[in-house]
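Enquirer: Provided herewith: entry_19.cif, mmCIF, C-alpha atoms.
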```cif
data_model
loop_
_atom_site.label_atom_id
_atom_site.label_comp_id
_atom_site.auth_asym_id
_atom_site.auth_seq_id
_atom_site.Cartn_x
_atom_site.Cartn_y
_atom_site.Cartn_z
CA MET F 408 114.67 123.55 78.37
CA VAL F 409 116.36 120.18 78.19
CA SER F 410 119.77 121.61 77.42
CA LYS F 411 119.36 124.26 80.10
CA MET F 412 118.37 121.60 82.60
CA ALA F 413 121.28 119.43 81.57
CA LYS F 414 123.66 122.34 82.04
CA HIS F 415 122.09 123.12 85.39
CA ASP F 416 122.35 119.47 86.42
CA SER F 417 125.99 119.19 85.48
CA ASP F 418 126.83 122.38 87.42
CA LEU F 419 124.96 120.94 90.38
CA SER F 420 126.72 117.62 90.09
CA LEU F 421 130.04 119.44 90.35
CA LEU F 422 128.80 121.36 93.38
CA PHE F 423 127.47 118.30 95.17
CA HIS F 424 130.56 116.35 94.34
CA ALA F 425 132.72 119.16 95.73
CA LEU F 426 130.66 119.37 98.92
CA ALA F 427 130.53 115.62 99.41
CA ASP F 428 134.04 115.36 100.79
CA PRO F 429 134.81 116.21 104.44
CA THR F 430 138.29 117.53 103.63
CA ARG F 431 136.89 119.86 101.01
CA ARG F 432 134.21 121.06 103.41
CA ALA F 433 136.92 121.73 106.00
CA ILE F 434 138.87 123.71 103.42
CA LEU F 435 135.75 125.70 102.53
CA ALA F 436 135.01 126.42 106.18
CA ARG F 437 138.57 127.66 106.60
CA LEU F 438 138.29 129.86 103.50
CA ALA F 439 134.95 131.19 104.68
CA ALA F 440 136.92 132.89 107.47
CA GLY F 441 139.16 134.57 104.90
CA ALA F 442 141.44 133.96 101.93
CA ALA F 443 144.46 131.76 102.59
CA PRO F 444 147.57 130.55 100.82
CA VAL F 445 147.62 126.92 99.71
CA SER F 446 150.39 126.10 102.19
CA GLY F 447 148.25 127.49 105.01
CA LEU F 448 145.40 125.22 103.97
CA ALA F 449 147.61 122.17 103.79
CA ARG F 450 149.08 122.47 107.29
CA PRO F 451 145.98 121.97 109.50
CA THR F 452 144.66 119.10 107.34
CA GLY F 453 147.93 117.21 107.67
CA LEU F 454 147.63 116.29 104.01
CA ARG F 455 150.39 116.38 101.46
CA LEU F 456 150.43 119.40 99.19
CA PRO F 457 149.54 117.50 95.99
CA THR F 458 146.46 116.05 97.74
CA VAL F 459 145.37 119.49 98.86
CA MET F 460 145.94 120.83 95.35
CA ARG F 461 143.68 118.12 93.99
CA HIS F 462 140.90 119.05 96.43
CA LEU F 463 141.35 122.73 95.55
CA ALA F 464 141.02 121.90 91.86
CA VAL F 465 137.66 120.20 92.54
CA LEU F 466 136.45 123.20 94.54
CA GLU F 467 137.60 125.58 91.84
CA GLU F 468 135.96 123.57 89.07
CA ALA F 469 132.69 123.69 91.01
CA GLY F 470 133.02 127.47 91.18
CA LEU F 471 133.20 127.45 94.98
CA ILE F 472 136.65 129.04 95.20
CA VAL F 473 139.04 131.06 93.09
CA THR F 474 142.79 130.80 93.22
CA SER F 475 145.33 133.43 92.26
CA LYS F 476 149.08 133.49 92.17
CA THR F 477 151.21 136.31 93.52
CA GLY F 478 154.88 135.67 92.98
CA ARG F 479 155.43 132.13 94.23
CA VAL F 480 152.43 132.07 96.51
CA ARG F 481 149.09 130.67 95.35
CA SER F 482 146.22 131.82 97.47
CA CYS F 483 142.57 130.73 97.59
CA ALA F 484 139.35 132.58 98.33
CA ILE F 485 135.74 131.50 98.60
CA VAL F 486 133.29 132.72 95.95
CA PRO F 487 130.33 134.43 97.64
CA GLY F 488 127.01 133.19 96.26
CA ALA F 489 128.51 130.07 94.75
CA LEU F 490 126.19 127.88 96.79
CA ALA F 491 123.03 129.61 95.63
CA PRO F 492 122.34 126.96 92.92
CA VAL F 493 122.22 124.28 95.62
CA GLN F 494 119.28 126.08 97.16
CA GLY F 495 117.84 126.89 93.73
CA TRP F 496 117.54 123.28 92.67
CA LEU F 497 114.74 122.43 95.08
CA ASP F 498 113.07 125.78 94.43
CA ASP F 499 112.91 124.80 90.74
CA GLN F 500 111.16 121.56 91.65
CA ARG F 501 108.75 123.41 93.90
CA ALA F 502 107.86 125.85 91.11
CA LEU F 503 107.28 122.91 88.77
CA TRP F 504 104.90 121.21 91.20
CA GLU F 505 103.09 124.44 92.09
CA ALA F 506 102.43 125.09 88.41
CA ARG F 507 101.40 121.47 87.84
CA LEU F 508 98.84 121.63 90.65
CA ASP F 509 97.59 125.01 89.39
CA ARG F 510 96.93 123.43 86.01
CA LEU F 511 95.26 120.45 87.65
CA ASP F 512 92.98 122.79 89.63
CA ASP F 513 91.92 124.53 86.42
CA TYR F 514 91.49 121.28 84.57
CA VAL F 515 89.38 119.68 87.29
CA ALA F 516 87.17 122.78 87.39
CA THR F 517 86.71 122.55 83.61
CA LEU F 518 85.82 118.86 83.86
CA MET F 519 83.29 119.60 86.61
CA GLU F 520 81.58 122.18 84.40
CA GLU F 521 81.54 119.89 81.38
CA ARG F 522 80.07 117.02 83.33
CA ALA F 523 77.45 119.20 84.96
CA LYS F 524 76.00 119.96 81.53
CA MET J 1216 99.64 109.97 107.31
CA THR J 1217 102.43 112.26 106.21
CA PRO J 1218 105.92 110.84 105.86
CA ASP J 1219 108.91 112.59 107.39
CA LEU J 1220 110.19 115.24 105.04
CA ASP J 1221 113.80 116.01 104.38
CA PRO J 1222 113.92 119.78 103.86
CA ASP J 1223 116.89 119.40 101.54
CA THR J 1224 115.25 117.08 99.03
CA ASP J 1225 111.52 116.80 99.70
CA LEU J 1226 108.56 118.97 98.85
CA SER J 1227 105.04 118.90 100.16
CA LEU J 1228 102.20 120.89 98.67
CA THR J 1229 98.63 120.80 99.89
CA ARG J 1230 95.60 122.07 98.01
CA THR J 1231 91.88 121.99 98.52
CA LEU J 1232 89.67 121.61 95.47
CA ALA J 1233 85.95 122.07 95.04
CA ALA J 1234 85.75 118.70 93.34
CA PRO J 1235 85.04 115.19 94.58
CA ARG J 1236 87.90 112.81 95.33
CA ARG J 1237 86.71 110.49 92.59
CA LEU J 1238 87.36 113.17 89.97
CA VAL J 1239 90.77 114.22 91.31
CA TRP J 1240 91.77 110.57 91.41
CA GLU J 1241 90.54 110.10 87.85
CA CYS J 1242 92.64 113.04 86.65
CA TRP J 1243 95.79 111.48 88.06
CA THR J 1244 95.12 107.95 86.89
CA ARG J 1245 93.61 108.11 83.39
CA PRO J 1246 95.88 108.66 80.40
CA GLU J 1247 93.53 111.09 78.67
CA HIS J 1248 93.77 113.54 81.58
CA ILE J 1249 97.50 113.63 82.30
CA PRO J 1250 98.47 115.74 79.24
CA HIS J 1251 96.19 118.53 80.45
CA PHE J 1252 98.24 119.42 83.48
CA PHE J 1253 101.41 117.40 83.90
CA ILE J 1254 103.91 119.62 82.09
CA PRO J 1255 103.85 123.32 81.21
CA ALA J 1256 102.97 124.69 77.77
CA PRO J 1257 104.42 125.02 75.20
CA HIS J 1258 105.84 121.59 76.01
CA ARG J 1259 103.46 118.73 75.36
CA ILE J 1260 102.80 115.20 76.44
CA THR J 1261 102.45 113.10 73.34
CA ALA J 1262 101.91 109.70 74.95
CA VAL J 1263 100.77 108.34 78.30
CA GLU J 1264 100.65 104.68 79.28
CA ILE J 1265 99.08 103.70 82.55
CA ASP J 1266 98.68 100.28 84.11
CA LEU J 1267 97.15 101.17 87.44
CA ARG J 1268 98.50 98.54 89.79
CA VAL J 1269 101.56 98.19 92.00
CA GLY J 1270 104.48 97.67 89.63
CA GLY J 1271 102.35 98.75 86.67
CA ARG J 1272 103.70 101.29 84.22
CA PHE J 1273 103.25 105.04 84.37
CA ASN J 1274 105.07 106.10 81.25
CA THR J 1275 104.94 109.54 79.73
CA ARG J 1276 106.55 110.96 76.63
CA PHE J 1277 107.23 114.67 76.63
CA GLU J 1278 107.86 116.79 73.60
CA VAL J 1279 110.26 119.48 74.71
CA ASP J 1280 111.55 121.93 72.12
CA GLY J 1281 110.74 119.40 69.40
CA ASN J 1282 112.59 116.57 71.14
CA ALA J 1283 110.83 113.48 72.43
CA VAL J 1284 111.76 112.69 76.03
CA ASP J 1285 110.57 109.40 77.53
CA ASN J 1286 109.87 109.22 81.24
CA PRO J 1287 109.19 105.64 82.24
CA GLY J 1288 107.98 104.95 85.75
CA VAL J 1289 105.93 102.59 87.88
CA TYR J 1290 103.31 102.75 90.58
CA LEU J 1291 104.50 101.75 94.02
CA GLU J 1292 101.20 102.04 95.85
CA VAL J 1293 97.63 102.33 94.60
CA VAL J 1294 94.83 102.90 97.10
CA PRO J 1295 91.85 104.08 95.04
CA GLU J 1296 90.82 107.67 95.74
CA GLU J 1297 93.17 107.78 98.70
CA LYS J 1298 96.82 107.31 97.88
CA LEU J 1299 98.92 107.07 94.77
CA VAL J 1300 102.68 106.60 94.81
CA PHE J 1301 104.81 106.50 91.70
CA THR J 1302 108.49 106.75 90.87
CA ASP J 1303 110.89 106.99 87.98
CA GLY J 1304 113.27 104.81 89.96
CA TYR J 1305 111.95 101.72 88.14
CA SER J 1306 110.24 100.97 84.88
CA GLU J 1307 107.73 98.18 84.35
CA GLY J 1308 109.04 94.78 85.45
CA TRP J 1309 110.94 96.43 88.32
CA LYS J 1310 113.73 97.35 86.01
CA PRO J 1311 115.97 99.82 87.91
CA ALA J 1312 116.40 103.18 86.23
CA PRO J 1313 119.93 104.34 85.46
CA GLU J 1314 119.29 107.74 87.03
CA PRO J 1315 116.35 107.63 89.42
CA PHE J 1316 115.23 111.08 90.43
CA MET J 1317 112.03 111.12 92.42
CA THR J 1318 109.11 109.48 94.14
CA ALA J 1319 105.76 111.25 94.11
CA ILE J 1320 103.14 110.60 96.77
CA LEU J 1321 99.59 111.87 96.36
CA LEU J 1322 97.30 111.76 99.38
CA LEU J 1323 93.59 112.50 98.96
CA SER J 1324 91.03 113.17 101.66
CA ASP J 1325 87.56 114.66 101.92
CA ALA J 1326 87.21 118.39 102.45
CA ALA J 1327 84.13 120.35 103.44
CA ASP J 1328 81.20 120.64 101.00
CA GLY J 1329 82.16 117.62 98.91
CA GLY J 1330 85.59 118.98 98.09
CA THR J 1331 88.94 117.27 98.18
CA THR J 1332 92.09 118.09 100.05
CA TYR J 1333 95.11 116.58 98.48
CA THR J 1334 98.76 116.64 99.32
CA ALA J 1335 101.46 116.10 96.75
CA ILE J 1336 104.81 115.05 98.14
CA ALA J 1337 107.81 114.86 95.88
CA ARG J 1338 110.87 113.18 97.31
CA HIS J 1339 114.01 113.66 95.29
CA ARG J 1340 117.28 112.06 95.02
CA THR J 1341 119.78 114.89 94.76
CA PRO J 1342 121.64 115.19 91.45
CA GLY J 1343 124.95 114.55 93.19
CA SER J 1344 123.79 111.82 95.52
CA ARG J 1345 125.39 108.92 93.69
CA LYS J 1346 128.73 110.64 93.69
CA ALA J 1347 128.24 111.60 97.30
CA HIS J 1348 127.75 107.98 98.30
CA GLU J 1349 130.86 106.99 96.43
CA ASP J 1350 132.81 109.67 98.25
CA MET J 1351 131.49 108.59 101.65
CA GLY J 1352 131.87 110.74 104.71
CA PHE J 1353 128.72 112.61 103.76
CA HIS J 1354 127.02 112.43 107.11
CA ASP J 1355 126.19 116.01 108.00
CA GLY J 1356 123.78 116.57 105.14
CA TRP J 1357 124.77 119.09 102.55
CA GLY J 1358 121.95 121.47 103.38
CA THR J 1359 123.40 122.40 106.74
CA VAL J 1360 126.84 122.80 105.26
CA ALA J 1361 125.48 124.83 102.38
CA THR J 1362 123.55 127.10 104.70
CA GLN J 1363 126.50 127.67 107.00
CA LEU J 1364 128.88 128.38 104.18
CA GLU J 1365 126.45 130.65 102.43
CA ALA J 1366 126.03 132.66 105.63
CA TYR J 1367 129.79 132.88 106.04
CA ALA J 1368 130.22 133.89 102.44
CA ARG J 1369 127.52 136.52 102.69
CA SER J 1370 129.08 138.02 105.78
CA LEU J 1371 132.35 138.24 103.88
CA ALA J 1372 130.75 139.85 100.88
CA GLY J 1373 128.70 142.24 103.04
#
```
Render the structure in this file as structure tokens.
Expert:
Amino acid sequence: MVSKMAKHDSDLSLLFHALADPTRRAILARLAAGAAPVSGLARPTGLRLPTVMRHLAVLEEAGLIVTSKTGRVRSCAIVPGALAPVQGWLDDQRALWEARLDRLDDYVATLMEERAK
Amino acid sequence: MTPDLDPDTDLSLTRTLAAPRRLVWECWTRPEHIPHFFIPAPHRITAVEIDLRVGGRFNTRFEVDGNAVDNPGVYLEVVPEEKLVFTDGYSEGWKPAPEPFMTAILLLSDAADGGTTYTAIARHRTPGSRKAHEDMGFHDGWGTVATQLEAYARSLAG
């Protein structure tokens, strides 16, 4: 459980880190409309190509995009479903608390019975 | 009183129990009770230390897959049988935690027939929040962004 949580946490940290930057969010929004070559992503941001490449590397490491190379052109595409873990994190906490309160309900009921004796 | 909830990081669960407030309060504040409900089997709580006052310790030790995991925390607010607030953001002596994660707020009130209604609110710091602060420019809230992008992505995939 600990190692699984740690793995989950580190994946999430990458995701949050990737989403935390406005340029990267702009790139994602652009890619959400369709795959694009790296040069096409660089132009509207006004950023230098190496800077854009660095942002793309962060997005790719977080599993939000994939890049592929055809000839001399590297193009990027969004990964559908990649953001699901962001939603899942809070759901995990909710499940933990639901179960905790279920156990408390049972335990309190047991205590009530014991003390009624 | 219910605090504002951030849908991206906060949870609120409300239950009604056929037990008096005194007993529900006791379950949350006495070390002998905590191991009975705080974490799921087969994991166990092997130690609980409670000093029930503001700034007092609420330390638990979990045994998870044979490993001991310490979870030090403190109480931030103690209103007997009414409100209990604790966090892992500090340990006793107001020592800041290296990786604070959550604040829990328990609110107890009377329900019909001698029962208790209680609300458990868990407010979380997101796993990436420290990094996000460092990066700045994180004003929109990631939930909105995540939702928008997910919708876009789904429409693409569909």
Enquirer: Apply the PyMOL selection byres ((chain F and resi 466-471) around 10) to the displayed file and report the matching residues as a PyMOL selection string.
Expert: chain F and resi 417-426+431-432+434-435+460-465+472-474+483-490
Enquirer: Taking only C-alpha atoms into account, which of J:Ala1262, J:Pro1313, J:Thr1244, J:Phe1253 comes nearest Val1300 (chain J)?
Expert: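 The answer is J:Thr1244, which sits nearest to Val1300 (chain J).
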Enquirer: Exactly which residues make up the result of the PyMOL selection byres ((chain J and resi 1279) around 9) on this file, given as a list in words?
Expert: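 Listing what the PyMOL selection byres ((chain J and resi 1279) around 9) selects in the shown file: Met408 and Val409 of chain F; Pro1257, His1258, Arg1259, Ile1260, Phe1277, Glu1278, Asp1280, Gly1281, Asn1282, Ala1283 and Val1284 of chain J.
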Enquirer: Might you pull out every residue within 6 Å of Ser482 (chain F), with all atoms listed in the file counted and same-chain residues fewer than 2 positions away left off, and present them as a list of chain:residue names?
Expert: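 Counting only the stated atoms, we get F:Ala443, F:Pro444, F:Val445, F:Thr474, F:Ser475.
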Enquirer: Have a look at CA of Glu1314 (chain J) and CA of Val1289 (chain J) and let me know their distance in Å, one decimal.
Expert: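 Separation of CA of Glu1314 (chain J) and CA of Val1289 (chain J): 14.3 Å.
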Enquirer: Given the choices J:Phe1301, J:Trp1240, J:Phe1252, J:Tyr1333, which gets closest to chain F if the distance is worked out from all atoms listed in the file?
Expert: J:Phe1252
